[in-house]
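For reference, the structure discussed in these notes is given below.
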Amino acid sequence: MNHTFHPLEVTLLKALMAATEPEDAKRLESRTQLAPGQLSMALGWLEAKGLIRIHPGPPQTDVTVTDSGKEVIEEGFPEEVIVDRIRKDPALTIASLREGVSDPATISKAIGDLKSQGIISILEGGILAVTGSLPESLVRSFDLIRAIAKEGSILLESLPQDDRDLLEGQSRKRGKGKGILRLDTRDTRCFSLIPGLVDIEDLNLEEGALGAVTPEMLQNKTYKGKRFRPYSLDTPAPRPPIGLLHPYRSYLDEVRGHLVRLGFTEMTGTLVENEFWNMDALFIPQTHPARNIHDIYLIREPRESAPLDPDLKKEVRAVHTGTENAAGSRGWRQPWSEAQSRRLLLRSQGTALSAHRMASSPEVPGKYFAIARCFRYDQVDQTHAVDFYQAEGIVLEPRASFKTLLGLLTLFAKEVAGAREIHFKPAYFPFTEPSVEIHVKHPVLGWMELGGAGLFRPEVTKPLGIDVPVIAWGLGIDRMAMMSLGLSDIRDLFSGELSTITRMHEARAKSRSVFKNTEKGS
Amino acid sequence: MPTLDALKSDIEKLLGSPINIDEFDRRLDWVKGELKHYDPQTGTLRIELNDTNRPDLWSVEGIVRQLSGGQSASNRPWSQMLAPATPPKNIRVDPTVSSVRPFIGGFLAKGPGLGEEGLKQLISSQEKLSDLFGRKRQDIAIGVYPARTIAFPLTYEAVDPDAHSFIPLGQESPMTLSRIVKEHPKGKEYGHLLSPHPLWTILRDQDGKILSMPPVTNAKQTGEVMAEDDWIFVEATGHDKERIRLVMNIMAANLFDRGFQIEPVQVEDSQTYTQNPQPTGDRIFVPEYLPSEVSGEAVGPQDFIRALLSYGYPSIQQQEKGFLVTVPFMRDDVLHPIDCVEDFLIAKGFDSLTPIMPTFFTPGRAAKEGELEDRVRTLMAGIGFQEILSNILTETDSLTSSLGRPIEPVVEIDNPISRQYGALRSTLLAQIMSAEALSSRFPYPHRIFEVGEAAEKEGSPSIIRETILFSALVAHPTASVSEVAGIIVEVLRYLGLTAKLVSRDISPYIKGRSAEIFILEQPDLPIGELGEVDPETLDLFGIRMPTSIFEIHLDRILRP
């Protein structure tokens, strides 16, 4: 077999020849004095040439402290806090202990645990007393966790067995959702040379050949009579750093392009809105569950918007209270508070932009859209991001009807989502009637909701001075984007991790490849 | 959105016919519902209902009723629902409740026994109506009792919470009302609805025995309703007579569907007398033109009438210029004639309409702000920067103490879910550095940027100013401030602007290695800053590479 070798390969081959048993990357690094990047390149080349054998090594586990773990460390471990506070305050009760902590449930659980272990007891009136000391193992595990937080991360296997057990116990006990430790196990590999394939003499010969062509070499013609070392181009070259637009934003740019081509004008607006535009103008009653303090983000300061336009306020109040049969409606028959209406919040739906647009002399006929960042009051998990994009808009057209609305949605399904099969489902939104959801059939995932739409209720349009039918529509673009980017976790759309972003780029490139239909499984 | 757990067999019993699960899921379109889960082993299913304005559908009985076109599952006409007693049983309302929780309604139901599923659904309706429609019992709270232990007439009054006691559900000995609120689980959950008032509401029977403390809990003595109970008392308290009427009507209709007969109870409140349920629906006039106008095709009067009848409307009277429509008595969601038209379309089936396209031509336009953003983004990608995208909500500390910057301009959330998302970003610095820290295993050099919305507050009294920021970061073994200075000057040049950097110490950059960015075209206001990040800050963020950053207020270029 005839191979040519890069100097890095030569260095590595010599080290491998000197080794008596398979060695891992760490040991090879110290043996060759190569940088980690150089070593992995050289290993890759030799692997491609089939000259080395790879042996699975012992797994290695990186232990890091999660974000919620860091919060726990900052506030103190519940067990420590409890014991500490009881010692400081002999009259401390469960209730006062639970006050002023961010997560009373955890405190309650810890109290329960400590009590069952006999470390504290609960006296009459809920007063707490310390009757034992925290187990050594618990104290030790807290110290370990603090040490890890300080270090950034440690290798689990580098710890004595006792400590390892403690940490693994901690990571299990605290559960997955709010875990304080994160254990990432990765496999390690060891390498050895397959005997008999490379001759040391060949390696020495390689060392005399010329490497890179240099300007000096060309100037002085020093290459004459010498041999250039052949480069092996069949082994992978290093990946260059590359500058690309964010895959999700590019996706949104495409949606924007589609909508502009379909004749829509883009609307923009502010992240901070008052409840008037976010809710009242859209005929969402002030008692609606979506206006609950657990469903919207309220601004701490300033709390209120400027006073409302008096005429507009009068019209909107009338449809809510239903006192004057305004807009031909009996209204919600509920009192309406201007103070609540002026309360500032983070925009919870893009429809707020449509309300603004309708109130500021829109074109009739006219088509408008927005791709707006909206905020969702929900625990962040793989299907919920704290803020996300919504595409939505309106069509104002004399004589537009429910059939026009269905036509528009069919157009979106075909042009924007590329769907062939469509199903319309009755839906409910407080601001539209009739309302409809559009479901489309995805080739792999089956039926899924693409968006919702409806004709704005007269209680919405009339107070804003609109006399023609208005179609309102919204599309769930984050879901569509996730499909196109090959993601199953919505948080990845907003991840700053360059490897995640690179993965999205690659998934997107694949999904647009002209050869994608020839791939298996698609 | 309300979700409902039910048994397939119970639905079949009420519908009077077997169901096929896939087909049933499609039929749920009629109630704006969706089958979320079905377990063929146990026959349990979970339905999600999207209409927050149709509490009459938040029960198996309600869903089956709508699917059967408004017919009762008991196969009896609605006119047979009431079996009034003469004279009616009475609840006297004492004036003391008027400032606490002024209204009450109630009825008795006698029937064949609830059965396990009937009981489960009764409790589930009671909870859903109290929790969602009644906003966690604030507006409406419903109580159900076995009727055999109750001696009418009842009195609804408000009393001194320290002077009265009874044994609440789940307890063994009497507790004062105030102690119940302090210690009883329901008291802790709902006590805040009473505690601001000096007197608290109770319901007593003829003998003065306390039946319950609305909206908190029932007395143990009165007992809980059981599957074999065939005589039940239902009451609702709250702040709005209309809402009480509605939930009474819904609860009565559900029990009638289960074969019960309803005996209204009279409420006597300062010389006025009301009875619930009141099974007469509202009437609404639907103009003749409206169904055709909204559907987009000609709708014959008979088609309209037939469709609404099939959807459960009890009667539609054709008049000279339209229809006088009677709404089912358990519904309160018809605010406007348009609501009847939607029901007409649902009954007809959305898929039966042929979609048509909007007819007018309108030119499309992207927003001006976006154009500048896009130019910047394209330039940066051309220079080799990877764009990132972060959330707008972030942690206050990361914008303030971590960067050595003041808290005053930060727009904070009053009710954050977690500290991690407690504020609107005022700068992209924190997030772009976090991204760098997260990417430490990605091959260097790193060149990343973000363009996006941010907000700050200013002035006193403060106002919120929203901005579009553009930040870029370079991190690699030889990264320096001169690299980013070169880039921003070049980017501004390609935006047609001439940059001028003026050295100034800014946190979190190394002293003597940061500057404000000005443009000659508009020299009064700096448009941004740049600098080499101080190692202490890098350490705080967990970055182990030399890092330099610039940040520009794009809105200051866009709107001079």
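Chains: A, B, ... in order of the structure tokens. Residues: from 1 per chain. Ligands: from 1, in order shown.
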Please report, as CSV, each residue of chain A lying at most 7 Å from chain B, together with the nearest pair of atoms and the separation in Å rounded to one decimal; use only C-alpha atoms, and order rows by chain and ascending residue number.
```
residue,atom,partner,partner_atom,distance
A:Ile242,CA,B:Gly384,CA,5.5
A:Gly243,CA,B:Gly384,CA,3.8
A:Leu244,CA,B:Gln386,CA,4.9
A:Leu245,CA,B:Glu387,CA,5.0
A:His246,CA,B:Glu387,CA,4.8
A:Val260,CA,B:Gly364,CA,4.5
A:Arg261,CA,B:Gly364,CA,6.1
A:Leu262,CA,B:Gly364,CA,6.8
A:Gly263,CA,B:Gly364,CA,3.8
A:Phe264,CA,B:Gly364,CA,4.4
A:Thr265,CA,B:Arg365,CA,4.4
A:Glu266,CA,B:Ala366,CA,5.0
A:Met267,CA,B:Ala367,CA,6.6
A:Thr270,CA,B:Glu466,CA,7.0
A:Tyr297,CA,B:Ile413,CA,6.3
A:Leu298,CA,B:Asp414,CA,5.4
A:Ile299,CA,B:Ile413,CA,4.7
A:Arg300,CA,B:Asp414,CA,4.3
A:Glu301,CA,B:Val411,CA,7.0
A:Pro302,CA,B:Ser462,CA,6.0
A:Gly328,CA,B:His336,CA,6.5
A:Ser329,CA,B:His336,CA,4.7
A:Arg330,CA,B:Leu335,CA,5.3
A:Gly331,CA,B:Leu335,CA,6.0
A:Pro365,CA,B:Phe360,CA,6.7
A:Gly366,CA,B:Thr362,CA,6.3
A:Lys367,CA,B:Thr362,CA,6.9
A:Asp387,CA,B:Asn391,CA,6.0
A:Ser401,CA,B:Gly296,CA,4.9
A:Phe402,CA,B:Ser295,CA,5.1
A:Lys403,CA,B:Pro355,CA,4.8
A:Thr404,CA,B:Ile356,CA,4.9
A:Leu406,CA,B:Pro355,CA,5.0
A:Gly407,CA,B:Pro355,CA,4.2
A:Leu408,CA,B:Met357,CA,6.1
A:Phe424,CA,B:Phe350,CA,6.3
A:Lys425,CA,B:Asp29,CA,6.0
A:Pro426,CA,B:Lys32,CA,5.6
A:Ala427,CA,B:Lys32,CA,5.6
A:Tyr428,CA,B:Asp51,CA,5.1
A:Glu433,CA,B:Glu342,CA,6.4
A:Pro434,CA,B:Glu342,CA,4.8
A:Phe494,CA,B:Ser390,CA,4.8
A:Ser495,CA,B:Ser390,CA,6.6
A:Gly496,CA,B:Ala435,CA,4.1
A:Glu497,CA,B:Ser439,CA,5.1
A:Leu498,CA,B:Ser439,CA,5.6
A:Ser499,CA,B:Phe442,CA,6.4
```
Now that the selection is made, can you save its residues with C-alpha atoms as a compact mmCIF listing (two decimals), in the first residue's frame?
```txt
# COMPACT_ATOMS: atom_id res chain seq x y z
CA ILE A 242 -18.91 30.88 7.36
CA GLY A 243 -21.19 33.86 7.78
CA LEU A 244 -24.88 33.19 7.22
CA LEU A 245 -28.15 34.81 8.09
CA HIS A 246 -29.97 33.06 10.91
CA VAL A 260 -45.52 41.02 -0.14
CA ARG A 261 -45.86 39.23 -3.46
CA LEU A 262 -49.46 38.39 -2.60
CA GLY A 263 -50.13 42.12 -2.26
CA PHE A 264 -49.82 42.63 1.50
CA THR A 265 -48.31 45.73 3.10
CA GLU A 266 -46.22 45.19 6.21
CA MET A 267 -47.28 46.70 9.56
CA THR A 270 -44.23 48.28 19.57
CA TYR A 297 -46.66 40.16 31.24
CA LEU A 298 -47.37 43.48 32.92
CA ILE A 299 -44.82 46.29 32.87
CA ARG A 300 -43.56 47.38 36.29
CA GLU A 301 -42.89 50.99 35.39
CA PRO A 302 -44.41 52.98 33.78
CA GLY A 328 -75.91 46.14 16.79
CA SER A 329 -74.62 44.06 19.72
CA ARG A 330 -75.87 43.44 23.21
CA GLY A 331 -72.20 43.53 24.27
CA PRO A 365 -59.51 47.76 -0.36
CA GLY A 366 -56.32 46.91 1.51
CA LYS A 367 -54.24 43.98 2.65
CA ASP A 387 -41.32 35.18 23.01
CA SER A 401 -67.31 37.16 2.80
CA PHE A 402 -66.57 33.94 4.59
CA LYS A 403 -65.94 32.37 1.19
CA THR A 404 -63.30 35.00 0.46
CA LEU A 406 -61.60 30.48 2.89
CA GLY A 407 -60.09 31.44 -0.48
CA LEU A 408 -57.36 33.46 1.20
CA PHE A 424 -61.42 23.93 7.67
CA LYS A 425 -62.56 23.59 11.29
CA PRO A 426 -64.91 25.83 13.24
CA ALA A 427 -62.94 27.82 15.81
CA TYR A 428 -63.41 30.43 18.48
CA GLU A 433 -67.22 35.59 13.92
CA PRO A 434 -67.41 33.35 11.98
CA PHE A 494 -33.56 31.19 19.80
CA SER A 495 -30.42 29.32 20.80
CA GLY A 496 -27.12 31.14 20.63
CA GLU A 497 -25.18 27.90 20.40
CA LEU A 498 -23.30 27.96 17.10
CA SER A 499 -23.45 24.19 16.72
```
For Val63 of chain A, please output as a list in words all residues within 8 Å (counting only C-alpha atoms; exclusion window: fewer than 6 positions along the same chain).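 Answer for this query is Ile148, Ser153, Ile154, Leu155, Leu156, Leu181, Arg182, Leu183 and Asp184 of chain A.
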Restricted to N, CA, C and O atoms, what would the selected residues look like written as a tab-separated table (two decimals), in the first residue's frame?
```tsv
chain	number	residue	atom	x	y	z
A	148	ILE	N	-18.51	22.68	41.89
A	148	ILE	CA	-18.70	22.52	40.44
A	148	ILE	C	-19.13	23.83	39.82
A	148	ILE	O	-18.63	24.24	38.77
A	153	SER	N	-17.28	23.18	35.24
A	153	SER	CA	-17.67	21.79	35.06
A	153	SER	C	-16.56	20.88	35.56
A	153	SER	O	-15.41	21.30	35.66
A	154	ILE	N	-16.91	19.66	35.94
A	154	ILE	CA	-15.88	18.70	36.31
A	154	ILE	C	-16.19	17.36	35.65
A	154	ILE	O	-17.29	17.13	35.18
A	155	LEU	N	-15.19	16.52	35.66
A	155	LEU	CA	-15.34	15.19	35.09
A	155	LEU	C	-15.75	14.26	36.23
A	155	LEU	O	-15.05	14.12	37.22
A	156	LEU	N	-16.92	13.64	36.05
A	156	LEU	CA	-17.44	12.78	37.12
A	156	LEU	C	-16.46	11.67	37.46
A	156	LEU	O	-16.24	11.34	38.62
A	181	LEU	N	-28.30	19.72	38.57
A	181	LEU	CA	-27.07	19.26	37.93
A	181	LEU	C	-27.40	18.71	36.56
A	181	LEU	O	-28.50	18.19	36.32
A	182	ARG	N	-26.45	18.85	35.69
A	182	ARG	CA	-26.64	18.28	34.38
A	182	ARG	C	-25.47	17.35	34.13
A	182	ARG	O	-24.31	17.73	34.28
A	183	LEU	N	-25.75	16.10	33.81
A	183	LEU	CA	-24.68	15.13	33.54
A	183	LEU	C	-24.68	14.83	32.04
A	183	LEU	O	-25.69	14.40	31.50
A	184	ASP	N	-23.61	15.15	31.39
A	184	ASP	CA	-23.50	14.84	29.97
A	184	ASP	C	-22.47	13.75	29.80
A	184	ASP	O	-21.28	13.97	30.02
```
Could you produce a table of the residues of segment 51-134 of chain A lying within 12 Å of segment 176-199 of chain B, with the nearest pair of atoms per residue and their separation in Å rounded to one decimal, using only C-alpha atoms, ordered by chain and increasing residue number, as JSON lines?
```
{"residue": "A:Ala95", "atom": "CA", "partner": "B:Lys182", "partner_atom": "CA", "distance": 10.8}
{"residue": "A:Gly125", "atom": "CA", "partner": "B:Glu183", "partner_atom": "CA", "distance": 11.3}
{"residue": "A:Gly126", "atom": "CA", "partner": "B:Glu183", "partner_atom": "CA", "distance": 11.3}
```
Would you please give, as a PyMOL selection string, all residues of segment 342-502 of chain B that DSSP assigns to strand (DSSP E or B) based on the backbone? chain B and resi 365+386-387+393-394+412-413+423-424+446-458+463-475+499-502
To one decimal in Å, tell me the separation between atom CA of Pro174 of chain B and atom CA of Pro161 of chain B.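 Interatomic distance, atom CA of Pro174 of chain B to atom CA of Pro161 of chain B: 12.9 Å.
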Gap from atom CA of Ala472 of chain A to atom CA of Ser352 of chain B - Å, one decimal: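 Distance between the two atoms: 21.1 Å.
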If we count only C-alpha atoms and set the cut-off at 12 Å, which residues sit around Pro238 of chain A, ignoring sequence neighbours fewer than 5 positions away in its own chain? Please answer as a PyMOL selection string. (chain A and resi 37-38+40-42+44-45+233) or (chain B and resi 443-444)
Set the distance at 7 Å and use only C-alpha atoms: which residues neighbour segment 221-228 of chain A once local chain neighbours fewer than 2 positions away are removed? I'd like the list as a list of chain:residue names.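 Once the adjacent positions are removed, what remains is A:Ala209, A:Leu210, A:Gly211, A:Met217, A:Leu218, A:Gln219, A:Pro230.
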Give me the residues near Val139 of chain A as a PyMOL selection string, where near means some atom within 12 Å (using only C-alpha atoms) and where sequence neighbours in that chain fewer than 3 positions away do not count. chain A and resi 77-80+133-136+142-146+163+166-167+170
